[in-house]
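Encoded as structure tokens, the structure appears first; notes follow it.
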Amino acid sequence: MNDLLNENEFINKSMIDYFKKTKLIFKYNNDFLNIQFYSIKKNIKKIKNIKKCIERIKLLLKELNNNYNFNIIIIDYNIKRKFIDDQYNINGGYTILTNKKDKKIYVYRYSELCKVLLHELLHHFYIYNDDDVIYNNDILNRKININYNEAMIEFLATIYQCKFTNTDINKEIKYNKKIAENILNMDLKNVSYIYTYVVIKYILMLNYKNVLKNINNKEWIYNYIDNYKLKIKNKKPLKNVLIMVSCSNI
């Protein structure tokens with residue numbers, strides 16, 4: 001918990017002020033998971049949701065032949081995402097990649113909790129080029145910074161979230177298109193991965209079967225992203241809450 005009490009590229013002062021008010025409400029342990037949930041007060045509905053997320057985590061880790069030990073801190077910071085290019089507004093958690101067997105994951109935004117947990121866990125099993133690169137196929141001809149690694153991890157988290165919630169992939173693609181259309185016309189400052197998480201992920205979702213088939217063929221993935229010419233309308237950005245994946249809160 002102490003690691004979350006210092007400002008960094010993900011955490012700002014208002015978040016820390018909330019974190020300091022919380023207390024340990026629920027914990028779960030097994031041979032490879034140590035999960036702690038912090039909140040201001042006990043909420044049975046939230047605990048039930050976390051238990052549901054834990055069952056999905058266990059299924060995911062079994063499928064991935066996990067050999068790691070995960071220490072996961074969850075805090076129910078309730079500020080919703082909006083259509084704003086700002087890392088404090090977009091990110092919901094983070095993890096640090098190391099060669100150690102013990103891994104740490106922090107999820108501090110309650111919205112889309114289960115999907116964010118999948119995203120952070122997947123970072124430890126799939127690693128792509130993590131350098132920001134210039135994307136040259138933006139339909140408004142802007143020079144946008146994108147990140148292959150974040151795009152692929154968000155893509156995989158979406159695929160697994162759809163799987164665990166029995167959500168039709170094609171319906172998710174239609175939803176992804178809707179929010180991509182709104183993000184294309186945003187005032188982008190290249191300070192968050194909102195374009196990567198939504199627009200580049202949409203490109204991956206459109207060809208999800210081949211992307212999954214080439215999941216370990218990194219050059220194929222990079223070339224596909226770089227050369228795909230997206231043809232959708234750019235709409236005026238919405239002012240309401242941004243939900244990255246339609247089934248995130250199921």
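For the structure tokens, the naming scheme is as follows: chains receive sequential letters (A, B, ...) according to their order of presentation, residues are indexed from 1 within each chain, and ligands are indexed from 1 in presentation order.
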
TODO: For stretch 202-217 of chain A, work out the shell of residues within 12 Å, counting only C-alpha atoms and skipping chain neighbours fewer than 4 positions away, then give it as a PyMOL selection string.
DONE: chain A and resi 125-129+137-138+148-160+162+169-181+183-184+194-198+221-232+244-245

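Closest to A:Leu122 among A:Asn91, A:Thr165, A:Asn8, A:Asn66 is A:Asn66, based on only C-alpha atoms.
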
Open item on the list: Going by DSSP on the backbone, which residues of stretch 39-174 of chain A come out as strand (DSSP E)? List them as an MDAnalysis selection string.
Closed with: chainID A and resid 39 69:77 93:95 102:109 133:135 144:146

Would you mind listing, for every residue of stretch 54-164 of chain A within 6 Å of stretch 26-40 of chain A, the two atoms forming the shortest contact and the distance between them in Å to one decimal, using only C-alpha atoms, sorted by chain and ascending residue number, as CSV?
```
residue,atom,partner,partner_atom,distance
A:Asn69,CA,A:Phe32,CA,4.4
A:Phe70,CA,A:Leu33,CA,5.0
A:Asn71,CA,A:Asn34,CA,4.7
A:Ile72,CA,A:Ile35,CA,4.7
A:Ile73,CA,A:Gln36,CA,5.1
A:Ile74,CA,A:Phe37,CA,4.7
A:Ile75,CA,A:Tyr38,CA,4.9
A:Asp76,CA,A:Ser39,CA,5.9
```

Open item on the list: Please identify the helix (DSSP H, G or I) residues within stretch 12-244 of chain A (assignment by DSSP from backbone atoms) and present them as a ChimeraX atom specification.
Closed with: /A:13-19,44-63,87-90,113-122,148-165,169-183,194-206,208-213,218-227

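With only C-alpha atoms as the basis for measurement, A:Cys247 is the residue among A:Leu59, A:Cys247, A:Ile16, A:Leu188 that approaches A:Leu113 most closely.
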
- [ ] Show which residues sit within 8 Å of A:Tyr94, as a list in words. Count only C-alpha atoms, and ignore same-chain residues fewer than 6 positions away.
- [x] Phe10, Ile105, Tyr106, Val107 and Glu120 of chain A
